[in-house]
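I have placed the structure first, in the form of structure tokens, so that the comments after it can refer back to it.
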Amino acid sequence: MSGAGSPYAPHDDEDREAMLDAVGVDSVEALFDMPDAVRFDGEFGIEPKSEQRVQAAVAETLAGNDDVVEFLGRGHYNHYVPAVVDRLSQRSEFITSYTQYQPEVTQGFLQALFEYQSLVVELTGLDIANCSMYDAATALGEAALLASRVRAVDGSTVLVPASMRSERRSVLDNYVAGTDLTVEEYPTSGGTVDPDVLADQLGDEVVLVYVESPSMRGTIVENLGGVGEAIAAENALFCLGSDPVALSLLERPVDAGVDIVVGDAASLGLETAYGMGLGMFATREAFLRQVPGRLVGAGTDDAGTRAYTLTLQTREQHIRRERATSNICTNQAWLALRAAIHAAWLGSRGLVDLAEQCVELPRDLAASIDTIDGITAPVDDGYHFREFVAHTDQPAPAIRDDLLEHGFAVHAIGDHELQFCVTDANEAHTEDLLTALEAVV
Amino acid sequence: MPEDPAVYDQARYQDGDRTEPLLQEQHEETTEIDSALPDELTRDSLSVPGPAEPELARHYMRLAQMNYAIETGPYPLGSCTMKYNPAFTEAVADQPSAGVHPDRPASTVQGTLAVYAELQEALAQIGGMDAVSLQPPAGAAGEFVGIRIAAAYHEDNDEGDQRSEVIIPDAAHGTNFASAAMGGYDVVELPSGDDGRVNLDALEAALSEDTAALMLTNPNTLGLFERDIETIADRVHDAGGLLYYDGANLNALLGRVRPGDMGFDVMHYNVHKTFATPHGGGGPGAGPVGVQDYLAQYLPAPRVRETDAGEYEQFDPEATIGKVHGYYGNWLVLVKAHAYIQRLGDAGLRDASATAVLNANYLASQIEYDVPYTPFHHEFVATAGDRDAADVAKRMLDYGVHPPTTKWPELVDEALMTEPTEAESKRSLDRLAAAFNAVERDDADAVARAPERTAVRRIDQADAARNPRLSWHDLLDDDA
């Protein structure tokens with residue numbers, strides 16, 4: 001149909017007539033078998049537009065976003081993504097392909113996902129990683145459900161840090177709503193957990209303990225091994241929230257007794273995208289058949305050639321239905337591809353250097369901020385990763401608003417607490433931030 | 001096509017010694033972790049292969065060349081709606097102004113919020129719903145939101161404990177069952193009638209004061225429209241349950257029938273199906289949820305609305321179920337869906353469905369396979385007869401096209417569930433039909449041996465599952 005039709009439905013009138021003839025009907029309308037009573041004869045009120053007009057309209061709408069420099073983190077991070085990631089991942093063969101249900105013609109994507117899984121295995125030291133969940137929050141929800149299925153205790157409590165984002169907590173609450181699990185908080189100090197404090201709250205009612213390192217306040221948990229021992233002593237599972245850049249430098253989770261690693265792997269491969277994420281999920285081999293989501297395995301074809309395929313699919317909803325390990329189907333595969341390309345571009349050296357920068361930049365920025373009257377930083381002891389909290393003598397929300405007027409976005413996380421996140425993506429603006437801070441504090 | 005060595009294999013090829021573990025080589029490169037952190041806080045080493053960019057680019061290009069995609073050929077997977085992904089939507093999502101942090105104050109992201117508001121409104125119109133949340137990051141996440149909303153609704157009516165069952169037709173998508181179970185519900189499977197649709201007597205028998213919801217796909221997975229939808233809706237509502245619409249097959253209905261008008265209370269949209277956002281090899285997609293007015297208070301938090309002053313703000317629905325994504329869903333996918341809907345408009349969306357239905361009917365008329373259930377719409381389920389549908393699919397690969405979904409729904413023996421979408425030209429459909437028919441004429445051996453013309457031959461699935469090798473570490477262990 002010309003003119004008013006979909007520009008992506010390529011029939012001309014002649015084809016259409018020939019097809020209708022072949023089917024044996026006079027019009028397309030005759031193919032719709034539905035009662036008149038439910039037919040819609042109204043309009044959506046959306047006028048068709050040219051590609052050029054849509055592009056211009058969306059650009060104009062998005063121009064409504066203020067041009068500010070972000071010193072924002074708290075779970076969603078910005079690092080420079082090399083151009084090769086866009087160029088390769090946007091190849092049509094990758095981005096317009098479907099889930100690899102016919103592996104013989106999707107070896108490319110399967111191998112890329114296998115490499116992503118391998119990356120996560122290397123970073124965590126755990127035996128297996130799936131090829132993605134939606135984001136850090138839903139990965140945590142899935143970790144709780146896995147723990148519920150494999151639990152070695154009679155209880156039903158999931159312990160989470162008081163310092164975690166309320167949004168993440170809300171997702172977890174929804175994920176466990178259909179189970180007997182209940183979620184409780186343990187106290188944190190400066191965002192991190194003390195093994196002795198945690199031990200007081202542990203008992204045989206605890207199924208899973210979730211720890212974040214780096215924490216939402218940017219602090220690195222110092223005695224992760226001690227935390228792991230306390231948790232193991234009570235037969236609970238240890239779930240660590242982290243991300244691939246941090247894990248490139250910090251203690252390997254497996255060495256601290258971690259059973260499940262979750263987090264947002266989109267800190268590689270994706271610049272800030274309004275919270276869009278890549279859920280990382282890794283665990284021990286013992287839980288292999290309880291893992292949620294898709295797994296890519298290496299095997300061989302009939303000719304003995306190495307080949308990759310989705311495997312252990314009997315865990316999944318399309319086979320196991322209500323007894324599946326999760327309802328997840330569509331995942332974040334394309335972002336896993338991007339993370340894998342980014343990681344390979346960096347290599348070990350690049351990853352470690354990037355992570356080291358995430359230790360040094362906040363240390364230096366905090367020291368500079370601390371020299372300004374009316375603000376002290378960092379509030380928390382210990383080491384930081386990417387971000388830190390500062391104390392303000394004057395109310396923090398007002399300072400945040402004033403900084404916004406100067407073109408800088410920071411977090412106000414308390415009446416007198418600001419949080420700053422600094423990475424390679426915004427470090428060029430730290431001098432200007434300091435100048436603005438001096439003006440507004 | 002030749003095998004392309006994995007990144008981690010390349011160094012082995014380069015130094016000519018396939019037995020030398022690359023990880024050890026990489027390890028040497030990185031043992032010197034010289035950190036500002038004390039040793040006890042850091043790992044000892046990291047072993048991630050880091051080829052130079054030219055090698056990296058060639059590696060992933062080779063992988064791309066070993067991947068079938070919509071832009072390499074037709075992809076008629078039933079219930080997956082693999083339609084063409086317009087190139088310009090990628091450019092729309094790539095704008096720097098789209099890349100903002102989610103914790104920015106609303107006043108500084110008015111543009112992003114405006115896109116949310118416009119897309120919410122367009123989807124509400126298309127679905128005949130009163131309110132929409134864009135937060136669920138996939139269709140299954142949308143289903144889970146629907147289940148949680150049903151739970152909250154019944155809870156508010158003091159029937160939360162009582163209504164413990166979700167009814168799902170036997171031929172429904174697997175996610176329906178899994179989402180209901182994840183929400184803590186018992187699944188009651190509804191056997192299909194002889195005509196492939198919901199059997200009203202069976203429905204009556206399944207409904208009770210325990211019913212929380214009926215999840216329905218319409219057209220169903222056979223492509224058949226549930227003609228009794230009004231009666232179905234009445235009976236579910238009379239029993240006190242909610243009617244959930246699985247939007248996987250919405251591409252059949254655009255502009256002709258709206259779920260809201262059929263009596264559905266809550267639905268999800270698969271924007272990566274109906275609204276042409278790329279599947280990305282398995283995701284990301286997005287699964288916005290629409291509801292009737294009386295359920296809007298339960299939608300995930302936050303939603304976006306325009307104030308009287310013409311600004312956009314986020315707000316929490318008063319009885320919200322909370323969140324199902326850490327932030328606001330798959331934003332970059334949503335903006336592509338928005339661009340697609342705005343490009344097509346009313347007429348284009350209506351034509352997309354008409355052409356999708358015409359294409360399915362035309363393709364079915366050209367293949368030498370029986371299609372037991374009719375009249376179908378945007379997809380049909382053919383039977384491979386006395387052949388194994390999975391074998392037929394493998395042989396189709398040899399003819400250069402992607403096969404349909406196989407062996408499902410089980411109502412059809414050796415099912416070939418086929419959805420060509422509106423994007424295929426007559427010529428492309430003829431090519432697809434020719435592949436179907438060529439396989440039909442092939443001898444049994446050729447079909448059983450297939451595929452022979454692909455990057456790899458048929459993969460030993462049983463071995464892959466029996467001996468899971470899920471990372472290069474497992475492969476190196478094998479070598480050792």
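Quick note on naming: the chains in the structure tokens go A, B, ... in the order shown, residues restart at 1 in each chain, and ligands are numbered from 1 in order of appearance.
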To test your reading of the structure, identify every residue in stretch 329-418 of chain B that backbone DSSP assigns to helix (DSSP H, G or I), and report it as a VMD selection string. chain B and resid 331 to 366 389 to 398
If you count only C-alpha atoms, the residue of A:Ser97, A:Ser132, A:Asn78, A:Ser163 closest to chain B turns out to be A:Ser97
Selection: 8 Å around B:Val412, only C-alpha atoms, excl. self and same-chain fewer than 3 positions, as a PyMOL selection string: chain B and resi 372+381-383+407-409+415
Selection near B:Leu397, 9 Å with only C-alpha atoms, sequence-local residues under 5 positions removed, as an MDAnalysis selection string: (chainID A and resid 102 104:105) or (chainID B and resid 392 402:403 435 450:454)
Could you save the residues just selected, with N, CA and C atoms, as a JSON list (two decimals), in the first residue's frame?
[["chain", "number", "residue", "atom", "x", "y", "z"],
["A", 102, "GLN", "N", 18.70, -21.33, 17.03],
["A", 102, "GLN", "CA", 19.30, -22.14, 15.96],
["A", 102, "GLN", "C", 20.81, -21.86, 16.00],
["A", 104, "GLU", "N", 23.45, -23.18, 14.93],
["A", 104, "GLU", "CA", 24.32, -23.37, 13.76],
["A", 104, "GLU", "C", 24.45, -22.09, 12.94],
["A", 105, "VAL", "N", 23.49, -21.18, 13.04],
["A", 105, "VAL", "CA", 23.59, -19.93, 12.29],
["A", 105, "VAL", "C", 23.75, -18.71, 13.22],
["B", 392, "VAL", "N", 13.44, -30.59, 10.19],
["B", 392, "VAL", "CA", 13.01, -29.72, 9.09],
["B", 392, "VAL", "C", 13.64, -28.34, 9.25],
["B", 402, "HIS", "N", 16.09, -18.57, 7.92],
["B", 402, "HIS", "CA", 15.88, -19.00, 9.31],
["B", 402, "HIS", "C", 14.56, -19.75, 9.39],
["B", 403, "PRO", "N", 14.53, -20.87, 10.09],
["B", 403, "PRO", "CA", 13.28, -21.63, 10.19],
["B", 403, "PRO", "C", 12.32, -21.03, 11.21],
["B", 435, "ALA", "N", 11.99, -22.69, 0.37],
["B", 435, "ALA", "CA", 12.82, -23.43, 1.33],
["B", 435, "ALA", "C", 11.99, -24.47, 2.07],
["B", 450, "ALA", "N", 21.20, -32.60, 8.22],
["B", 450, "ALA", "CA", 21.29, -31.13, 8.15],
["B", 450, "ALA", "C", 21.63, -30.53, 9.51],
["B", 451, "PRO", "N", 22.25, -29.35, 9.52],
["B", 451, "PRO", "CA", 22.63, -28.55, 8.37],
["B", 451, "PRO", "C", 24.04, -28.87, 7.90],
["B", 452, "GLU", "N", 24.26, -28.65, 6.62],
["B", 452, "GLU", "CA", 25.59, -28.91, 6.05],
["B", 452, "GLU", "C", 26.26, -27.67, 5.52],
["B", 453, "ARG", "N", 25.50, -26.58, 5.39],
["B", 453, "ARG", "CA", 26.05, -25.38, 4.74],
["B", 453, "ARG", "C", 26.18, -24.22, 5.72],
["B", 454, "THR", "N", 26.25, -24.52, 6.98],
["B", 454, "THR", "CA", 26.32, -23.47, 8.00],
["B", 454, "THR", "C", 27.72, -23.43, 8.62]]
Could you write out, as a PyMOL selection string, all the residues of stretch 239-372 of chain A that DSSP marks as strand (DSSP E or B)? chain A and resi 239-242+250+260-264+279-283+295-301+306-311
Just want the 6 Å neighbourhood of B:Ile167, counted on only C-alpha atoms, with same-chain residues fewer than 3 positions away dropped. Output as number ranges by chain. B: 187-189, 214
Shell of 9 Å around stretch 329-340 of chain B, only C-alpha atoms, local chain residues under 6 positions omitted, as number ranges by chain: A: 51, 54-55, 58, 134, 273-277; B: 85-86, 88-94, 98-99, 112, 115-116, 118-119, 122, 134-138, 271-272, 274-278, 284-288
Identify, on the basis of only C-alpha atoms, every residue whose closest approach to A:Ile341 does not exceed 12 Å; exclude the query and any residue fewer than 6 positions from it along the same chain; express the result as a PyMOL selection string. (chain A and resi 81-90+109+111-113+115-116+119+266+268-270+334-335+347) or (chain B and resi 7+48-53+55-61+63)
How would the residues just chosen look if you wrote them out with N, CA and C atoms as a short mmCIF file (atom, residue, chain, number, x, y, z; two decimals), in the first residue's frame?
data_model
loop_
_atom_site.label_atom_id
_atom_site.label_comp_id
_atom_site.auth_asym_id
_atom_site.auth_seq_id
_atom_site.Cartn_x
_atom_site.Cartn_y
_atom_site.Cartn_z
N VAL A 81 33.37 4.93 26.76
CA VAL A 81 33.22 3.69 25.99
C VAL A 81 33.88 3.90 24.63
N PRO A 82 34.87 3.07 24.30
CA PRO A 82 35.59 3.27 23.05
C PRO A 82 34.67 3.14 21.83
N ALA A 83 34.99 3.89 20.79
CA ALA A 83 34.14 3.95 19.61
C ALA A 83 33.95 2.58 18.96
N VAL A 84 34.93 1.72 19.12
CA VAL A 84 34.84 0.41 18.47
C VAL A 84 33.67 -0.41 19.04
N VAL A 85 33.27 -0.10 20.24
CA VAL A 85 32.13 -0.82 20.84
C VAL A 85 30.85 -0.52 20.04
N ASP A 86 30.63 0.76 19.76
CA ASP A 86 29.46 1.11 18.95
C ASP A 86 29.55 0.49 17.57
N ARG A 87 30.71 0.65 16.95
CA ARG A 87 30.82 0.20 15.56
C ARG A 87 30.57 -1.30 15.43
N LEU A 88 31.14 -2.07 16.34
CA LEU A 88 30.99 -3.52 16.23
C LEU A 88 29.62 -3.99 16.73
N SER A 89 29.19 -3.46 17.84
CA SER A 89 27.93 -3.98 18.40
C SER A 89 26.74 -3.56 17.56
N GLN A 90 26.88 -2.47 16.84
CA GLN A 90 25.76 -2.03 16.00
C GLN A 90 25.75 -2.69 14.62
N PHE A 109 27.19 -14.67 17.84
CA PHE A 109 26.67 -14.09 19.08
C PHE A 109 26.91 -15.04 20.25
N GLN A 111 29.34 -17.12 20.68
CA GLN A 111 30.73 -17.04 21.13
C GLN A 111 30.97 -15.75 21.92
N ALA A 112 30.38 -14.65 21.46
CA ALA A 112 30.54 -13.39 22.18
C ALA A 112 29.96 -13.50 23.59
N LEU A 113 28.81 -14.16 23.71
CA LEU A 113 28.21 -14.33 25.04
C LEU A 113 29.04 -15.27 25.91
N GLU A 115 32.23 -15.49 25.72
CA GLU A 115 33.35 -14.67 26.16
C GLU A 115 32.94 -13.74 27.30
N TYR A 116 31.71 -13.23 27.22
CA TYR A 116 31.20 -12.40 28.32
C TYR A 116 31.11 -13.24 29.60
N LEU A 119 34.46 -13.72 31.03
CA LEU A 119 34.93 -12.50 31.68
C LEU A 119 34.40 -12.43 33.12
N ALA A 266 26.91 -3.05 33.21
CA ALA A 266 26.87 -1.99 32.19
C ALA A 266 27.84 -0.87 32.50
N LEU A 268 30.65 -1.37 32.04
CA LEU A 268 31.42 -1.58 30.82
C LEU A 268 30.46 -1.56 29.63
N GLY A 269 30.83 -0.86 28.59
CA GLY A 269 30.08 -0.97 27.34
C GLY A 269 28.92 -0.04 27.16
N LEU A 270 28.49 0.61 28.23
CA LEU A 270 27.32 1.49 28.10
C LEU A 270 27.53 2.74 28.95
N TRP A 334 22.56 -7.98 24.18
CA TRP A 334 23.34 -7.04 23.37
C TRP A 334 24.26 -6.19 24.24
N LEU A 335 23.83 -5.91 25.45
CA LEU A 335 24.70 -5.16 26.37
C LEU A 335 25.83 -6.04 26.88
N GLY A 347 41.55 -4.99 27.97
CA GLY A 347 42.45 -6.04 28.41
C GLY A 347 42.68 -5.95 29.92
N VAL B 7 38.81 -15.08 21.28
CA VAL B 7 39.83 -14.10 21.65
C VAL B 7 40.93 -14.78 22.45
N VAL B 48 42.44 -11.18 31.58
CA VAL B 48 41.46 -10.92 30.54
C VAL B 48 42.21 -10.60 29.26
N PRO B 49 41.95 -11.35 28.20
CA PRO B 49 42.67 -11.11 26.95
C PRO B 49 42.45 -9.69 26.45
N GLY B 50 43.50 -9.07 25.95
CA GLY B 50 43.40 -7.70 25.48
C GLY B 50 44.07 -7.50 24.14
N PRO B 51 43.46 -8.02 23.08
CA PRO B 51 44.08 -7.84 21.76
C PRO B 51 44.10 -6.37 21.36
N ALA B 52 45.03 -6.00 20.51
CA ALA B 52 45.04 -4.64 19.97
C ALA B 52 43.79 -4.43 19.14
N GLU B 53 43.40 -3.18 19.00
CA GLU B 53 42.10 -2.90 18.37
C GLU B 53 41.93 -3.51 16.99
N GLU B 55 43.01 -6.32 15.87
CA GLU B 55 42.69 -7.74 16.09
C GLU B 55 41.29 -7.89 16.66
N LEU B 56 40.99 -7.01 17.59
CA LEU B 56 39.68 -7.02 18.24
C LEU B 56 38.58 -6.80 17.20
N ALA B 57 38.77 -5.82 16.36
CA ALA B 57 37.76 -5.49 15.35
C ALA B 57 37.54 -6.67 14.42
N ARG B 58 38.63 -7.29 14.00
CA ARG B 58 38.48 -8.43 13.09
C ARG B 58 37.81 -9.61 13.78
N HIS B 59 38.15 -9.81 15.02
CA HIS B 59 37.54 -10.90 15.76
C HIS B 59 36.02 -10.75 15.78
N TYR B 60 35.55 -9.59 16.20
CA TYR B 60 34.10 -9.43 16.32
C TYR B 60 33.43 -9.31 14.95
N MET B 61 34.16 -8.82 13.97
CA MET B 61 33.60 -8.83 12.61
C MET B 61 33.39 -10.26 12.14
N LEU B 63 32.88 -12.79 14.02
CA LEU B 63 31.74 -13.32 14.76
C LEU B 63 30.43 -12.81 14.13
#
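Candidate residues A:Thr99, A:Thr272, A:Ser6, A:Gln313 were compared for distance to B:Ala347, and the nearest is A:Ser6, using only C-alpha atoms.
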Between B:Ser353, B:Asn176, B:Asn249, B:Thr421, which residue has the minimum interatomic distance to B:Leu224, considering only C-alpha atoms? B:Asn249
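Among the candidate residues A:Thr179, A:Ser189, A:Thr157, A:Thr283, the one lying nearest to chain B is A:Thr179, with distances computed using only C-alpha atoms.
The spacing separating atom CA of B:Ile459 from atom CA of B:Gly283 amounts to 23.5 Å.
For the atom pair formed by atom CA of A:Arg217 and atom CA of A:Gly75, the distance is 9.8 Å, given to one decimal.
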Cut-off 10 Å: closest stretch 43-108 of chain A/stretch 389-406 of chain A atom pairs per residue, using only C-alpha atoms, as CSV:
residue,atom,partner,partner_atom,distance
A:Asp66,CA,A:Leu404,CA,9.7
A:Val68,CA,A:Leu404,CA,7.4
A:Val69,CA,A:Leu404,CA,8.9
A:Glu70,CA,A:Leu404,CA,9.6
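Distances here use only C-alpha atoms; by that measure, the residue among A:Val38, A:Val221, A:Ala177, A:Val183 closest to A:Pro195 is A:Val221.
Nearest residue to A:Ala428, choosing from A:Val254, A:Ala57, A:Ala343, A:Leu365 and counting only C-alpha atoms: A:Leu365.
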